[in-house]
>>> print(open('structure.cif').read())   # mmCIF, C-alpha atoms
data_run
#
loop_
_atom_site.group_PDB
_atom_site.id
_atom_site.type_symbol
_atom_site.label_atom_id
_atom_site.label_comp_id
_atom_site.auth_asym_id
_atom_site.auth_seq_id
_atom_site.Cartn_x
_atom_site.Cartn_y
_atom_site.Cartn_z
ATOM 1 C CA MET A 1 221.347 25.455 -35.450
ATOM 2 C CA HIS A 2 221.379 23.034 -32.532
ATOM 3 C CA SER A 3 218.962 23.839 -29.728
ATOM 4 C CA ARG A 4 221.306 23.112 -26.808
ATOM 5 C CA LEU A 5 222.727 25.955 -24.767
ATOM 6 C CA PHE A 6 226.108 27.366 -25.731
ATOM 7 C CA ASP A 7 229.123 26.408 -23.657
ATOM 8 C CA ILE A 8 230.407 29.556 -21.970
ATOM 9 C CA ARG A 9 233.954 28.465 -22.897
ATOM 10 C CA GLN A 10 232.986 28.640 -26.578
ATOM 11 C CA LEU A 11 231.738 32.198 -26.205
ATOM 12 C CA GLU A 12 234.839 33.234 -24.266
ATOM 13 C CA ALA A 13 237.069 31.662 -26.918
ATOM 14 C CA PHE A 14 235.281 33.504 -29.713
ATOM 15 C CA ALA A 15 235.422 36.821 -27.840
ATOM 16 C CA ALA A 16 239.133 36.302 -27.178
ATOM 17 C CA VAL A 17 239.808 35.582 -30.869
ATOM 18 C CA MET A 18 237.964 38.759 -31.836
ATOM 19 C CA SER A 19 239.962 40.786 -29.312
ATOM 20 C CA ALA A 20 243.370 39.276 -30.098
ATOM 21 C CA GLY A 21 242.892 38.958 -33.846
ATOM 22 C CA SER A 22 244.262 35.432 -33.920
ATOM 23 C CA VAL A 23 243.729 32.024 -32.373
ATOM 24 C CA THR A 24 247.289 32.073 -31.063
ATOM 25 C CA GLY A 25 246.691 35.397 -29.306
ATOM 26 C CA ALA A 26 243.378 34.184 -27.924
ATOM 27 C CA ALA A 27 245.063 31.076 -26.528
ATOM 28 C CA ARG A 28 247.542 33.272 -24.682
ATOM 29 C CA LEU A 29 244.749 35.465 -23.295
ATOM 30 C CA LEU A 30 242.809 32.439 -22.052
ATOM 31 C CA GLY A 31 245.764 30.376 -20.870
ATOM 32 C CA ARG A 32 244.724 27.499 -23.150
ATOM 33 C CA SER A 33 246.394 25.673 -25.977
ATOM 34 C CA GLN A 34 245.863 26.830 -29.540
ATOM 35 C CA PRO A 35 244.236 23.525 -30.615
ATOM 36 C CA ALA A 36 241.813 23.759 -27.672
ATOM 37 C CA VAL A 37 240.727 27.266 -28.676
ATOM 38 C CA SER A 38 240.379 26.226 -32.327
ATOM 39 C CA ARG A 39 238.198 23.305 -31.283
ATOM 40 C CA LEU A 40 235.954 25.532 -29.165
ATOM 41 C CA ILE A 41 235.423 27.904 -32.104
ATOM 42 C CA GLN A 42 234.698 25.025 -34.478
ATOM 43 C CA ASP A 43 232.176 23.542 -32.041
ATOM 44 C CA LEU A 44 230.505 26.932 -31.680
ATOM 45 C CA GLU A 45 230.238 27.323 -35.454
ATOM 46 C CA ALA A 46 228.796 23.798 -35.684
ATOM 47 C CA ASP A 47 226.188 24.664 -33.054
ATOM 48 C CA LEU A 48 225.294 27.887 -34.837
ATOM 49 C CA GLY A 49 225.204 26.381 -38.302
ATOM 50 C CA TYR A 50 227.248 29.160 -39.914
ATOM 51 C CA ALA A 51 230.837 30.378 -40.047
ATOM 52 C CA LEU A 52 232.037 33.081 -37.689
ATOM 53 C CA LEU A 53 235.535 33.453 -39.110
ATOM 54 C CA HIS A 54 237.203 33.492 -42.497
ATOM 55 C CA ARG A 55 240.410 31.445 -42.336
ATOM 56 C CA SER A 56 243.372 31.980 -44.647
ATOM 57 C CA GLY A 57 246.352 30.170 -43.175
ATOM 58 C CA PRO A 58 247.239 31.865 -39.883
ATOM 59 C CA ARG A 59 245.158 34.913 -40.786
ATOM 60 C CA ILE A 60 241.545 35.101 -39.675
ATOM 61 C CA THR A 61 238.873 37.726 -40.194
ATOM 62 C CA PRO A 62 235.289 37.744 -38.927
ATOM 63 C CA THR A 63 232.438 37.041 -41.298
ATOM 64 C CA SER A 64 229.551 39.512 -41.440
ATOM 65 C CA ARG A 65 227.560 37.111 -39.264
ATOM 66 C CA GLY A 66 230.543 36.809 -36.961
ATOM 67 C CA LEU A 67 230.586 40.580 -36.430
ATOM 68 C CA GLN A 68 226.890 40.608 -35.582
ATOM 69 C CA PHE A 69 227.209 37.625 -33.271
ATOM 70 C CA HIS A 70 230.211 39.164 -31.516
ATOM 71 C CA ALA A 71 228.113 42.135 -30.395
ATOM 72 C CA GLU A 72 225.652 39.716 -28.781
ATOM 73 C CA VAL A 73 228.450 37.697 -27.165
ATOM 74 C CA GLU A 74 230.004 40.830 -25.668
ATOM 75 C CA ARG A 75 226.685 41.820 -24.117
ATOM 76 C CA HIS A 76 226.124 38.305 -22.791
ATOM 77 C CA LEU A 77 229.577 38.002 -21.236
ATOM 78 C CA ALA A 78 229.283 41.469 -19.692
ATOM 79 C CA SER A 79 225.910 40.472 -18.219
ATOM 80 C CA LEU A 80 227.418 37.346 -16.678
ATOM 81 C CA THR A 81 230.201 39.421 -15.141
ATOM 82 C CA HIS A 82 227.660 41.834 -13.686
ATOM 83 C CA ILE A 83 225.592 38.961 -12.293
ATOM 84 C CA ARG A 84 228.665 37.588 -10.513
ATOM 85 C CA GLU A 85 229.470 41.028 -9.107
ATOM 86 C CA ARG A 86 225.911 41.576 -7.930
ATOM 87 C CA ALA A 87 225.675 38.117 -6.391
ATOM 88 C CA ASN A 88 228.840 38.792 -4.395
ATOM 89 C CA ALA A 89 227.545 42.207 -3.295
ATOM 90 C CA ILE A 90 224.246 40.692 -2.149
ATOM 91 C CA GLY A 91 226.143 38.099 -0.109
ATOM 92 C CA LEU A 92 228.202 40.835 1.528
ATOM 93 C CA ASP A 93 225.180 43.133 2.105
ATOM 94 C CA GLU A 94 226.882 45.817 -0.014
ATOM 95 C CA PRO A 95 225.525 48.108 -2.739
ATOM 96 C CA ILE A 96 225.235 46.075 -5.931
ATOM 97 C CA SER A 97 227.324 46.907 -8.997
ATOM 98 C CA LEU A 98 226.076 49.808 -11.068
ATOM 99 C CA THR A 99 226.075 50.409 -14.819
ATOM 100 C CA ILE A 100 225.620 53.961 -16.088
ATOM 101 C CA ALA A 101 225.268 54.879 -19.752
ATOM 102 C CA ALA A 102 225.929 58.455 -20.827
ATOM 103 C CA THR A 103 226.940 60.398 -23.882
ATOM 104 C CA PRO A 104 230.694 61.089 -23.991
ATOM 105 C CA SER A 105 230.293 64.760 -23.043
ATOM 106 C CA LEU A 106 228.123 63.969 -20.032
ATOM 107 C CA ALA A 107 230.193 60.939 -19.029
ATOM 108 C CA ALA A 108 233.236 63.215 -18.877
ATOM 109 C CA GLY A 109 231.676 66.512 -17.844
ATOM 110 C CA VAL A 110 228.969 65.545 -15.348
ATOM 111 C CA LEU A 111 229.314 61.973 -14.066
ATOM 112 C CA PRO A 112 232.723 62.174 -12.349
ATOM 113 C CA ARG A 113 231.710 65.065 -10.098
ATOM 114 C CA ALA A 114 228.289 63.530 -9.492
ATOM 115 C CA LEU A 115 229.805 60.238 -8.355
ATOM 116 C CA ALA A 116 232.334 62.081 -6.186
ATOM 117 C CA ALA A 117 229.466 63.884 -4.431
ATOM 118 C CA VAL A 118 227.657 60.669 -3.459
ATOM 119 C CA SER A 119 228.256 59.139 -0.044
ATOM 120 C CA PRO A 120 231.065 56.561 -0.266
ATOM 121 C CA ASP A 121 228.807 54.059 1.512
ATOM 122 C CA LEU A 122 226.525 54.073 -1.524
ATOM 123 C CA ILE A 123 229.235 53.506 -4.118
ATOM 124 C CA PRO A 124 229.529 49.809 -5.047
ATOM 125 C CA ARG A 125 232.808 47.963 -5.497
ATOM 126 C CA HIS A 126 232.148 47.745 -9.237
ATOM 127 C CA LEU A 127 231.062 50.691 -11.380
ATOM 128 C CA HIS A 128 230.581 50.356 -15.119
ATOM 129 C CA ILE A 129 230.478 53.587 -17.130
ATOM 130 C CA GLN A 130 229.517 53.297 -20.788
ATOM 131 C CA ALA A 131 230.130 56.316 -23.037
ATOM 132 C CA LEU A 132 227.672 55.877 -25.901
ATOM 133 C CA ALA A 133 225.847 57.820 -28.571
ATOM 134 C CA ALA A 134 222.613 59.296 -27.220
ATOM 135 C CA GLU A 135 220.462 56.823 -29.132
ATOM 136 C CA ASN A 136 222.476 53.942 -27.676
ATOM 137 C CA VAL A 137 222.127 55.331 -24.159
ATOM 138 C CA VAL A 138 218.351 55.139 -24.593
ATOM 139 C CA GLN A 139 218.544 51.590 -25.927
ATOM 140 C CA ALA A 140 220.831 50.467 -23.092
ATOM 141 C CA VAL A 141 218.385 51.794 -20.485
ATOM 142 C CA LEU A 142 215.400 50.272 -22.279
ATOM 143 C CA ALA A 143 217.179 46.899 -22.431
ATOM 144 C CA ARG A 144 218.138 47.284 -18.750
ATOM 145 C CA SER A 145 221.783 46.700 -19.588
ATOM 146 C CA ALA A 146 222.265 50.078 -17.876
ATOM 147 C CA ASP A 147 220.691 51.000 -14.554
ATOM 148 C CA PHE A 148 220.173 54.561 -15.724
ATOM 149 C CA GLY A 149 221.425 56.971 -18.336
ATOM 150 C CA ILE A 150 222.183 60.628 -18.975
ATOM 151 C CA ALA A 151 221.766 61.771 -22.551
ATOM 152 C CA SER A 152 220.797 64.649 -24.767
ATOM 153 C CA LEU A 153 217.212 65.026 -25.930
ATOM 154 C CA PRO A 154 214.917 63.801 -27.397
ATOM 155 C CA LEU A 155 214.264 61.179 -24.711
ATOM 156 C CA GLU A 156 210.568 60.509 -25.236
ATOM 157 C CA HIS A 157 209.795 56.800 -24.953
ATOM 158 C CA PRO A 158 207.032 54.938 -23.097
ATOM 159 C CA GLY A 159 209.611 52.563 -21.600
ATOM 160 C CA LEU A 160 211.526 55.341 -19.844
ATOM 161 C CA ASP A 161 211.094 57.357 -16.677
ATOM 162 C CA VAL A 162 212.585 60.852 -17.136
ATOM 163 C CA HIS A 163 213.776 62.204 -13.776
ATOM 164 C CA TRP A 164 214.883 65.663 -14.837
ATOM 165 C CA ILE A 165 215.687 67.636 -17.950
ATOM 166 C CA ALA A 166 218.196 70.471 -17.942
ATOM 167 C CA ASP A 167 218.771 73.280 -20.422
ATOM 168 C CA ALA A 168 222.280 74.724 -20.665
ATOM 169 C CA PRO A 169 223.256 77.313 -23.279
ATOM 170 C CA CYS A 170 225.924 76.297 -25.767
ATOM 171 C CA VAL A 171 229.215 78.157 -25.718
ATOM 172 C CA VAL A 172 232.031 78.992 -28.097
ATOM 173 C CA ALA A 173 235.418 77.479 -27.295
ATOM 174 C CA LEU A 174 238.421 79.518 -28.442
ATOM 175 C CA ALA A 175 242.167 79.200 -28.287
ATOM 176 C CA VAL A 176 243.467 81.390 -25.479
ATOM 177 C CA ASP A 177 245.312 83.611 -27.988
ATOM 178 C CA ASP A 178 242.323 83.984 -30.317
ATOM 179 C CA PRO A 179 241.416 87.659 -30.994
ATOM 180 C CA LEU A 180 237.861 86.928 -29.780
ATOM 181 C CA ALA A 181 239.079 85.498 -26.464
ATOM 182 C CA GLY A 182 239.176 89.006 -25.001
ATOM 183 C CA ASN A 183 235.392 89.352 -25.383
ATOM 184 C CA ASP A 184 233.019 88.319 -22.610
ATOM 185 C CA VAL A 185 230.330 87.673 -25.231
ATOM 186 C CA VAL A 186 231.041 86.490 -28.765
ATOM 187 C CA SER A 187 228.649 87.299 -31.581
ATOM 188 C CA LEU A 188 227.805 84.516 -34.019
ATOM 189 C CA ALA A 189 228.279 87.114 -36.746
ATOM 190 C CA ASP A 190 231.933 87.378 -35.678
ATOM 191 C CA LEU A 191 232.372 83.745 -36.698
ATOM 192 C CA ALA A 192 231.246 84.212 -40.284
ATOM 193 C CA GLU A 193 234.752 83.950 -41.747
ATOM 194 C CA ARG A 194 236.037 81.352 -39.292
ATOM 195 C CA ARG A 195 236.275 77.597 -39.570
ATOM 196 C CA ILE A 196 233.595 76.235 -37.244
ATOM 197 C CA ILE A 197 234.028 72.948 -35.411
ATOM 198 C CA THR A 198 230.819 71.412 -34.114
ATOM 199 C CA LEU A 199 228.913 68.190 -33.568
ATOM 200 C CA ALA A 200 227.713 66.061 -36.454
ATOM 201 C CA ASN A 201 224.398 64.472 -35.390
ATOM 202 C CA PRO A 202 221.732 66.471 -37.285
ATOM 203 C CA PHE A 203 218.878 65.241 -35.088
ATOM 204 C CA ARG A 204 220.160 66.523 -31.759
ATOM 205 C CA LEU A 205 222.268 69.582 -30.934
ATOM 206 C CA ARG A 206 223.562 70.215 -34.449
ATOM 207 C CA HIS A 207 220.214 71.317 -35.852
ATOM 208 C CA ARG A 208 219.874 73.973 -33.126
ATOM 209 C CA ILE A 209 223.355 75.270 -33.922
ATOM 210 C CA ASP A 210 222.565 75.388 -37.638
ATOM 211 C CA GLU A 211 219.307 77.243 -36.947
ATOM 212 C CA ALA A 212 221.104 79.817 -34.784
ATOM 213 C CA LEU A 213 223.765 80.414 -37.435
ATOM 214 C CA ALA A 214 221.055 80.871 -40.062
ATOM 215 C CA ARG A 215 219.234 83.410 -37.863
ATOM 216 C CA ALA A 216 222.490 85.325 -37.516
ATOM 217 C CA GLY A 217 222.985 85.278 -41.281
ATOM 218 C CA VAL A 218 226.112 83.132 -40.953
ATOM 219 C CA ALA A 219 226.738 80.486 -43.615
ATOM 220 C CA PRO A 220 230.045 78.844 -42.653
ATOM 221 C CA GLN A 221 232.230 77.994 -45.633
ATOM 222 C CA ARG A 222 234.563 75.803 -43.596
ATOM 223 C CA ILE A 223 233.235 73.251 -41.106
ATOM 224 C CA ILE A 224 234.694 70.327 -39.201
ATOM 225 C CA ASP A 225 232.032 68.081 -37.706
ATOM 226 C CA VAL A 226 232.923 65.610 -34.977
ATOM 227 C CA ASN A 227 231.125 63.088 -32.795
ATOM 228 C CA SER A 228 232.404 64.334 -29.438
ATOM 229 C CA SER A 229 232.970 67.731 -27.867
ATOM 230 C CA MET A 230 236.362 66.643 -26.551
ATOM 231 C CA THR A 231 237.544 66.095 -30.115
ATOM 232 C CA ALA A 232 236.283 69.561 -31.022
ATOM 233 C CA LEU A 233 238.182 71.135 -28.123
ATOM 234 C CA THR A 234 241.462 69.450 -28.992
ATOM 235 C CA MET A 235 241.103 70.766 -32.542
ATOM 236 C CA VAL A 236 240.523 74.285 -31.230
ATOM 237 C CA ARG A 237 243.644 74.030 -29.099
ATOM 238 C CA VAL A 238 245.865 73.402 -32.146
ATOM 239 C CA GLY A 239 244.325 76.275 -34.091
ATOM 240 C CA LEU A 240 242.018 74.449 -36.486
ATOM 241 C CA GLY A 241 239.030 76.684 -35.735
ATOM 242 C CA VAL A 242 236.487 77.754 -33.134
ATOM 243 C CA ALA A 243 234.035 75.295 -31.604
ATOM 244 C CA LEU A 244 230.317 75.649 -30.952
ATOM 245 C CA VAL A 245 229.663 73.023 -28.303
ATOM 246 C CA GLU A 246 227.646 72.134 -25.254
ATOM 247 C CA PRO A 247 229.178 73.462 -21.999
ATOM 248 C CA ALA A 248 229.467 70.176 -20.066
ATOM 249 C CA THR A 249 232.784 69.122 -21.559
ATOM 250 C CA VAL A 250 234.332 72.604 -21.401
ATOM 251 C CA VAL A 251 233.354 73.035 -17.740
ATOM 252 C CA GLY A 252 233.931 69.469 -16.591
ATOM 253 C CA VAL A 253 237.157 68.762 -18.472
ATOM 254 C CA PRO A 254 238.962 72.118 -18.811
ATOM 255 C CA LEU A 255 241.879 72.053 -21.245
ATOM 256 C CA GLU A 256 244.913 74.282 -21.005
ATOM 257 C CA GLY A 257 244.961 76.751 -23.867
ATOM 258 C CA ILE A 258 241.154 76.808 -24.285
ATOM 259 C CA VAL A 259 238.738 79.474 -23.065
ATOM 260 C CA MET A 260 234.944 79.383 -23.042
ATOM 261 C CA ARG A 261 232.866 82.407 -23.961
ATOM 262 C CA THR A 262 229.148 83.134 -23.923
ATOM 263 C CA LEU A 263 227.353 83.482 -27.261
ATOM 264 C CA ASP A 264 225.112 86.406 -28.148
ATOM 265 C CA GLN A 265 222.352 83.944 -29.054
ATOM 266 C CA THR A 266 221.020 81.196 -26.810
ATOM 267 C CA ILE A 267 221.463 77.732 -28.319
ATOM 268 C CA PRO A 268 219.909 75.308 -25.826
ATOM 269 C CA PHE A 269 221.627 72.039 -24.995
ATOM 270 C CA LEU A 270 218.901 69.823 -23.556
ATOM 271 C CA PHE A 271 219.771 66.704 -21.606
ATOM 272 C CA GLY A 272 218.287 64.564 -18.882
ATOM 273 C CA ALA A 273 218.465 61.514 -16.641
ATOM 274 C CA ILE A 274 216.470 58.396 -17.495
ATOM 275 C CA SER A 275 215.821 54.969 -16.035
ATOM 276 C CA PRO A 276 213.627 52.012 -17.027
ATOM 277 C CA ALA A 277 209.939 52.867 -16.583
ATOM 278 C CA ALA A 278 208.277 51.731 -13.359
ATOM 279 C CA HIS A 279 211.544 50.210 -12.131
ATOM 280 C CA PRO A 280 212.292 51.113 -8.490
ATOM 281 C CA LEU A 281 215.505 53.075 -8.036
ATOM 282 C CA SER A 282 218.130 51.742 -5.667
ATOM 283 C CA PRO A 283 219.443 54.236 -3.096
ATOM 284 C CA THR A 284 222.673 54.471 -5.107
ATOM 285 C CA VAL A 285 220.931 55.190 -8.405
ATOM 286 C CA ALA A 286 218.655 57.781 -6.794
ATOM 287 C CA ALA A 287 221.639 59.493 -5.166
ATOM 288 C CA VAL A 288 223.673 59.631 -8.387
ATOM 289 C CA ILE A 289 220.712 60.965 -10.385
ATOM 290 C CA ASP A 290 220.227 63.751 -7.814
ATOM 291 C CA ALA A 291 223.935 64.521 -7.715
ATOM 292 C CA ALA A 292 224.124 64.653 -11.515
ATOM 293 C CA ARG A 293 221.292 67.180 -11.514
ATOM 294 C CA ALA A 294 223.162 69.358 -9.015
ATOM 295 C CA VAL A 295 226.333 69.190 -11.114
ATOM 296 C CA ALA A 296 224.377 70.088 -14.237
ATOM 297 C CA LEU A 297 222.783 73.083 -12.550
ATOM 298 C CA ALA A 298 226.226 74.383 -11.580
ATOM 299 C CA MET A 299 227.007 74.980 -15.261
ATOM 300 C CA PRO A 300 226.653 78.631 -16.344
ATOM 301 C CA GLY A 301 223.074 79.485 -17.268
ATOM 302 C CA CYS A 302 221.750 75.948 -16.725
ATOM 303 C CA ARG A 303 218.097 75.590 -15.703
ATOM 304 C CA LEU A 304 215.616 72.764 -15.247
ATOM 305 C CA ARG A 305 212.758 72.233 -17.664
ATOM 306 C CA GLU A 306 209.207 71.694 -16.423
ATOM 307 C CA LEU A 307 208.072 68.053 -16.529
ATOM 308 C CA GLY A 308 204.762 67.939 -14.644
ATOM 309 C CA GLY A 309 201.443 67.322 -16.360
ATOM 310 C CA ASP A 310 200.245 65.835 -19.641
ATOM 311 C CA GLY A 311 202.365 66.762 -22.625
ATOM 312 C CA ALA A 312 204.887 68.508 -20.424
ATOM 313 C CA LEU A 313 207.778 66.358 -21.616
ATOM 314 C CA ALA A 314 207.190 67.493 -25.173
ATOM 315 C CA GLU A 315 206.964 71.069 -23.863
ATOM 316 C CA ALA A 316 210.286 70.552 -22.110
ATOM 317 C CA ILE A 317 211.847 69.404 -25.350
ATOM 318 C CA TYR A 318 210.312 71.917 -27.738
ATOM 319 C CA GLY A 319 208.970 74.720 -25.556
ATOM 320 C CA ASN A 320 210.417 77.344 -23.234
ATOM 321 C CA SER A 321 209.193 76.396 -19.776
ATOM 322 C CA ILE A 322 211.927 76.942 -17.164
ATOM 323 C CA VAL A 323 211.645 76.114 -13.470
ATOM 324 C CA PRO A 324 213.990 77.202 -10.685
ATOM 325 C CA GLU A 325 216.407 74.799 -9.049
ATOM 326 C CA GLY A 326 214.946 72.528 -6.404
ATOM 327 C CA THR A 327 211.382 72.216 -7.683
ATOM 328 C CA LEU A 328 211.858 68.788 -9.250
ATOM 329 C CA SER A 329 212.373 65.665 -7.209
#
>>> encode(input="structure.cif", output="structure tokens")
Amino acid sequence: MHSRLFDIRQLEAFAAVMSAGSVTGAARLLGRSQPAVSRLIQDLEADLGYALLHRSGPRITPTSRGLQFHAEVERHLASLTHIRERANAIGLDEPISLTIAATPSLAAGVLPRALAAVSPDLIPRHLHIQALAAENVVQAVLARSADFGIASLPLEHPGLDVHWIADAPCVVALAVDDPLAGNDVVSLADLAERRIITLANPFRLRHRIDEALARAGVAPQRIIDVNSSMTALTMVRVGLGVALVEPATVVGVPLEGIVMRTLDQTIPFLFGAISPAAHPLSPTVAAVIDAARAVALAMPGCRLRELGGDGALAEAIYGNSIVPEGTLS
């Protein structure tokens, strides 16, 4: 591979080809000729020393290396865009652009109301919201490609500052005409013969749900597992089952035809706000983190977990220490 820096036009051409699926489509996106785009891709491959695309007449498909490289190119181009936005904001003495990473449920159920509660003077012209898996939220904050994140636990990492951790009890989501919808509290035992829709990741909320079902003597014979609570709720609405989910999506994005009911057993959904360790918070970031905490605490039964002192973060994750609202900064 040649040691010289890549031409930004090469990277843009490759990203456009990946998005459009063809050189012709990429040329249209970029406002360039097809031969010019082809040449940029060929030069990029020559600089790299390996092929990015398989070519079969007009059809192209990415190589395995091309797929890996594309992920890096996307991050690089996004970073350049953010640098331009921040440079402009600095020149105008405005709040700089902000990137927030959050799990889909928290991006939909908490962030919108948190951002709406922040003073308009603190909101930058450009906001970037990334809905990612919890593990990817952590990685984005560690890599500083996100200014801060909100994700489910665990969040232990020496490169992170944890600002608050909240504990909200999971709920059951039912179709409005479900026989159990008339109950204020639904017993897990009542779900024994039902198809249960719940989240798939066994290392986060799912294992707590499975443990609670086992304690109740419920061994579901029919399960649909999904990677987002919104998907679970839409399946409930069309009668595919009942959903055991965190409350953020149900409260923050209410769907017609769905009701939320309390469970007879507490299944904690633990989540928190994180930023890069020892990295000063801008006024905007600090305000959004505080607002997100307030929105979280408005969910039924939500409480803050204790964070002070050695080993307290592990206690917050695995123990039962609850603190009243307002005691964490």
>>> resolve_selection(input="structure.cif", expression="the PyMOL selection byres ((chain A and resi 214-228) around 6)", output="NGL selection string")
:A and (192 or 195-200 or 211-213 or 229-231)
>>> residues_around(input="structure.cif", residues="A:Gly159", least_positions_apart="6", cutoff="10 Å", atoms="all atoms listed in the file", output="VMD selection string")
chain A and resid 138 to 139 141 to 143 274 to 279
>>> write_last_selection(input="structure.cif", atoms="C-alpha atoms", output="PDB file, in the coordinates of the input")
ATOM      1  CA  VAL A 138     218.351  55.139 -24.593  1.00  0.00           C
ATOM      2  CA  GLN A 139     218.544  51.590 -25.927  1.00  0.00           C
ATOM      3  CA  VAL A 141     218.385  51.794 -20.485  1.00  0.00           C
ATOM      4  CA  LEU A 142     215.400  50.272 -22.279  1.00  0.00           C
ATOM      5  CA  ALA A 143     217.179  46.899 -22.431  1.00  0.00           C
ATOM      6  CA  ILE A 274     216.470  58.396 -17.495  1.00  0.00           C
ATOM      7  CA  SER A 275     215.821  54.969 -16.035  1.00  0.00           C
ATOM      8  CA  PRO A 276     213.627  52.012 -17.027  1.00  0.00           C
ATOM      9  CA  ALA A 277     209.939  52.867 -16.583  1.00  0.00           C
ATOM     10  CA  ALA A 278     208.277  51.731 -13.359  1.00  0.00           C
ATOM     11  CA  HIS A 279     211.544  50.210 -12.131  1.00  0.00           C
TER      12      HIS A 279
END
>>> resolve_selection(input="structure.cif", expression="the PyMOL selection byres ((chain A and resi 21) around 12)", output="MDAnalysis selection string")
chainID A and resid 13:20 22:29 53:55 58:62
>>> residues_near_point(input="structure.cif", point="(217.8, 67.4, -23.3)", cutoff="6 Å", atoms="all atoms listed in the file", output="PyMOL selection string")
chain A and resi 152-153+165+270-272
>>> resolve_selection(input="structure.cif", expression="the PyMOL selection byres ((chain A and resi 257-268) around 6)", output="list in words")
Asp167, Ala168, Pro169, Cys170, Val171, Val172, Ala173, Leu174, Ala175, Val176, Val185, Val186, Ser187, Leu255, Glu256 and Phe269 of chain A
>>> write_last_selection(input="structure.cif", atoms="C-alpha atoms", output="short mmCIF file (atom, residue, chain, number, x, y, z; two decimals), in the frame of the given file")
data_model
loop_
_atom_site.label_atom_id
_atom_site.label_comp_id
_atom_site.auth_asym_id
_atom_site.auth_seq_id
_atom_site.Cartn_x
_atom_site.Cartn_y
_atom_site.Cartn_z
CA ASP A 167 218.77 73.28 -20.42
CA ALA A 168 222.28 74.72 -20.66
CA PRO A 169 223.26 77.31 -23.28
CA CYS A 170 225.92 76.30 -25.77
CA VAL A 171 229.22 78.16 -25.72
CA VAL A 172 232.03 78.99 -28.10
CA ALA A 173 235.42 77.48 -27.30
CA LEU A 174 238.42 79.52 -28.44
CA ALA A 175 242.17 79.20 -28.29
CA VAL A 176 243.47 81.39 -25.48
CA VAL A 185 230.33 87.67 -25.23
CA VAL A 186 231.04 86.49 -28.76
CA SER A 187 228.65 87.30 -31.58
CA LEU A 255 241.88 72.05 -21.24
CA GLU A 256 244.91 74.28 -21.00
CA PHE A 269 221.63 72.04 -25.00
#
>>> atom_distance(input="structure.cif", atom1="atom CA of A:Ala294", atom2="atom CA of A:Ala117")
9.5 Å
>>> atom_distance(input="structure.cif", atom1="atom CA of A:Leu132", atom2="atom CA of A:Ala101")
6.7 Å
>>> residues_near_point(input="structure.cif", point="(229.3, 46.3, -20.6)", cutoff="12 Å", atoms="all atoms listed in the file", output="ChimeraX atom specification")
/A:71-83,97-101,126-132,140,144-147
>>> atom_distance(input="structure.cif", atom1="atom CA of A:Leu115", atom2="atom CA of A:Arg204")
26.1 Å
>>> axis_aligned_box(input="structure.cif", around="stretch 252-256 of chain A", padding_each_side="3 Å", output="JSON")
{"center_x": 239.4, "center_y": 71.5, "center_z": -18.9, "size_x": 17.0, "size_y": 11.5, "size_z": 10.7}
>>> decode(input="structure.cif", residues="stretch 275-283 of chain A", atoms="N, CA, C and O atoms", output="PDB file, in the first residue's frame")
ATOM      1  N   SER A 275     -20.019   9.489  29.193  1.00  0.00           N
ATOM      2  CA  SER A 275     -19.213  10.352  28.324  1.00  0.00           C
ATOM      3  C   SER A 275     -17.764   9.897  28.447  1.00  0.00           C
ATOM      4  O   SER A 275     -17.422   9.111  29.345  1.00  0.00           O
ATOM      5  N   PRO A 276     -16.880  10.361  27.555  1.00  0.00           N
ATOM      6  CA  PRO A 276     -15.476   9.974  27.664  1.00  0.00           C
ATOM      7  C   PRO A 276     -14.887  10.404  29.004  1.00  0.00           C
ATOM      8  O   PRO A 276     -15.148  11.509  29.488  1.00  0.00           O
ATOM      9  N   ALA A 277     -14.108   9.551  29.621  1.00  0.00           N
ATOM     10  CA  ALA A 277     -13.540   9.830  30.944  1.00  0.00           C
ATOM     11  C   ALA A 277     -12.673  11.078  30.907  1.00  0.00           C
ATOM     12  O   ALA A 277     -11.904  11.299  29.962  1.00  0.00           O
ATOM     13  N   ALA A 278     -12.811  11.879  31.957  1.00  0.00           N
ATOM     14  CA  ALA A 278     -11.975  13.070  32.172  1.00  0.00           C
ATOM     15  C   ALA A 278     -12.066  14.067  31.032  1.00  0.00           C
ATOM     16  O   ALA A 278     -11.167  14.876  30.824  1.00  0.00           O
ATOM     17  N   HIS A 279     -13.166  14.020  30.276  1.00  0.00           N
ATOM     18  CA  HIS A 279     -13.356  14.954  29.166  1.00  0.00           C
ATOM     19  C   HIS A 279     -14.390  15.984  29.600  1.00  0.00           C
ATOM     20  O   HIS A 279     -15.524  15.640  29.893  1.00  0.00           O
ATOM     21  N   PRO A 280     -14.015  17.276  29.661  1.00  0.00           N
ATOM     22  CA  PRO A 280     -14.967  18.282  30.148  1.00  0.00           C
ATOM     23  C   PRO A 280     -16.244  18.298  29.307  1.00  0.00           C
ATOM     24  O   PRO A 280     -16.200  18.180  28.085  1.00  0.00           O
ATOM     25  N   LEU A 281     -17.366  18.454  29.992  1.00  0.00           N
ATOM     26  CA  LEU A 281     -18.654  18.502  29.295  1.00  0.00           C
ATOM     27  C   LEU A 281     -18.942  19.926  28.844  1.00  0.00           C
ATOM     28  O   LEU A 281     -18.771  20.878  29.609  1.00  0.00           O
ATOM     29  N   SER A 282     -19.402  20.060  27.617  1.00  0.00           N
ATOM     30  CA  SER A 282     -19.858  21.372  27.153  1.00  0.00           C
ATOM     31  C   SER A 282     -21.168  21.698  27.857  1.00  0.00           C
ATOM     32  O   SER A 282     -21.860  20.801  28.369  1.00  0.00           O
ATOM     33  N   PRO A 283     -21.552  22.970  27.909  1.00  0.00           N
ATOM     34  CA  PRO A 283     -22.846  23.307  28.523  1.00  0.00           C
ATOM     35  C   PRO A 283     -24.009  22.551  27.886  1.00  0.00           C
ATOM     36  O   PRO A 283     -24.943  22.145  28.578  1.00  0.00           O
TER      37      PRO A 283
END
